[in-house]
Amino acid sequence: MKFAVIGGTGLIGSQVVRDLNAAGHEAVPHSQSTGVDVISGRGLDEAVAGADAVVNLTNSPTFDEASLAFFRTSMDNLLAAARKGGVRHVVILSIVGADQVPELDYYRAKVLQEHILAAGPIPYSIVRATQFMEFMDAVLTWTADDGTVRLPATPIQPIAAKDVAAAVTEVAAGPPLNGIRNIGGPEVFPLDELGRITLAHKGDPRTVVTDPTAGMFAAVKGDVLTDENARLAPTRYADWLS
């Protein structure tokens with residue numbers, strides 16, 4: 001099969017391209033660096049023309065209210081190009097529980113992206129993943145000072161990027177789901193505990209203070225960012241750290 005991977009040079013996209021090509025398909029990465037712009041539409045028609053499937057892994061440059069406009073415009077442009085190019089399957093990556101956290105602009109934007117795809121003219125698949133292990137370093141900087149990191153005890157089910165890429169690859173190479181597949185890591189941790197584990201592994205002397213009001217994940221109620229019924233990935237957090 002021939003795949004156009006939009007956002008194919010990023011953390012997940014580059015691995016999806018590698019995995020698809022290793023499986024014997026033809027996967028071509030596209031991004032702003034290769035002359036494809038999902039907002040202006042520049043290069044999109046050429047990128048998706050003749051592809052059996054398009055995997056859209058582009059992401060908003062901001063996590064605020066502007067992300068809504070990014071996903072609306074990018075999906076409208078992508079679906080128009082895909083329809084013109086005869087594409088038979090469009091795949092996107094979203095977030096487990098995104099529809100349960102309307103307080104966060106970025107999560108509302110991802111749900112909007114899902115709705116645009118589902119209402120569009122092309123068979124589709126949505127892969128929803130739990131929080132990436134690779135994002136923990138960034139999370140630890142959001143509410144940190146010299147001696148402490150403040151984190152809520154929000155339940156998190158961390159998944160390795162390589163496992164996300166493998167799941168996206170599997171879905172992209174299969175028939176359209178016309179629905180959602182949830183994937184998650186094999187373990188659930190309170191976010192504050194995950195912070196302590198991460199700092200200890202790095203030899204970082206800072207202390208994690210449990211603070212239910214700290215950072216983006218303070219807006220999350222309960223365990224909505226986890227899913228015990230998701231397809232579980234193999235990589236455990238301790239193994240990923242090592």
# chains A, B, ... in the order shown; residues from 1 in each chain; ligands from 1
call {"tool": "residues_around", "arguments": {"residues": "region 110-117 of chain A", "least_positions_apart": "5", "cutoff": "9 Å", "atoms": "only C-alpha atoms", "output": "count of residues only"}}
result
22
call {"tool": "residues_around", "arguments": {"residues": "Ala233 (chain A)", "least_positions_apart": "6", "cutoff": "10 Å", "atoms": "only C-alpha atoms", "output": "list in words"}}
result
Pro158, Ile159, Ala160, Lys162, Asp163, Val164, Ala166, Ala167, Ile183, Gly184, Gly185, Pro186 and Glu187 of chain A
call {"tool": "select_by_dssp", "arguments": {"residues": "region 161-227 of chain A", "states": "helix (DSSP H, G or I)", "output": "list in words"}}
result
Ala161, Lys162, Asp163, Val164, Ala165, Ala166, Ala167, Val168, Thr169, Glu170, Val171, Ala172, Ala173, Leu191, Asp192, Glu193, Leu194, Gly195, Arg196, Ile197, Thr198, Leu199, Ala200, His201, Lys202, Met216, Phe217, Ala218 and Ala219 of chain A
call {"tool": "closest_residue", "arguments": {"among": "A:Thr169, A:Thr226, A:Thr210, A:Thr34", "to": "Ala22 (chain A)", "atoms": "only C-alpha atoms"}}
result
A:Thr169
call {"tool": "atom_distance", "arguments": {"atom1": "CA of His30 (chain A)", "atom2": "CA of Gln15 (chain A)"}}
result
13.1 Å
call {"tool": "select_by_dssp", "arguments": {"residues": "region 194-227 of chain A", "states": "strand (DSSP E or B)", "output": "ChimeraX atom specification"}}
result
/A:207-210
call {"tool": "write_last_selection", "arguments": {"atoms": "all heavy atoms", "output": "PDB file, in the first residue's frame"}}
result
ATOM      1  N   THR A 207      11.958  17.709  45.135  1.00  0.00           N
ATOM      2  CA  THR A 207      10.870  17.018  45.805  1.00  0.00           C
ATOM      3  C   THR A 207       9.565  17.256  45.053  1.00  0.00           C
ATOM      4  O   THR A 207       9.284  18.370  44.624  1.00  0.00           O
ATOM      5  CB  THR A 207      10.711  17.544  47.245  1.00  0.00           C
ATOM      6  OG1 THR A 207      11.926  17.307  47.953  1.00  0.00           O
ATOM      7  CG2 THR A 207       9.557  16.859  47.959  1.00  0.00           C
ATOM      8  N   VAL A 208       8.773  16.199  44.891  1.00  0.00           N
ATOM      9  CA  VAL A 208       7.441  16.343  44.305  1.00  0.00           C
ATOM     10  C   VAL A 208       6.444  16.608  45.423  1.00  0.00           C
ATOM     11  O   VAL A 208       6.335  15.830  46.376  1.00  0.00           O
ATOM     12  CB  VAL A 208       7.034  15.090  43.509  1.00  0.00           C
ATOM     13  CG1 VAL A 208       5.577  15.197  43.063  1.00  0.00           C
ATOM     14  CG2 VAL A 208       7.939  14.906  42.294  1.00  0.00           C
ATOM     15  N   VAL A 209       5.737  17.716  45.301  1.00  0.00           N
ATOM     16  CA  VAL A 209       4.690  18.084  46.247  1.00  0.00           C
ATOM     17  C   VAL A 209       3.338  17.823  45.582  1.00  0.00           C
ATOM     18  O   VAL A 209       3.082  18.311  44.476  1.00  0.00           O
ATOM     19  CB  VAL A 209       4.803  19.562  46.645  1.00  0.00           C
ATOM     20  CG1 VAL A 209       3.641  19.962  47.551  1.00  0.00           C
ATOM     21  CG2 VAL A 209       6.137  19.834  47.320  1.00  0.00           C
ATOM     22  N   THR A 210       2.489  17.038  46.224  1.00  0.00           N
ATOM     23  CA  THR A 210       1.166  16.756  45.674  1.00  0.00           C
ATOM     24  C   THR A 210       0.288  17.998  45.817  1.00  0.00           C
ATOM     25  O   THR A 210       0.063  18.488  46.918  1.00  0.00           O
ATOM     26  CB  THR A 210       0.522  15.569  46.400  1.00  0.00           C
ATOM     27  OG1 THR A 210       1.397  14.440  46.310  1.00  0.00           O
ATOM     28  CG2 THR A 210      -0.826  15.224  45.769  1.00  0.00           C
TER      29      THR A 210
END
call {"tool": "residues_around", "arguments": {"residues": "region 172-176 of chain A", "least_positions_apart": "3", "cutoff": "12 Å", "atoms": "only C-alpha atoms", "output": "VMD selection string"}}
result
chain A and resid 1 to 5 16 to 17 19 to 21 23 to 27 51 to 57 87 to 93 118 122 to 127 165 to 169 179 to 181
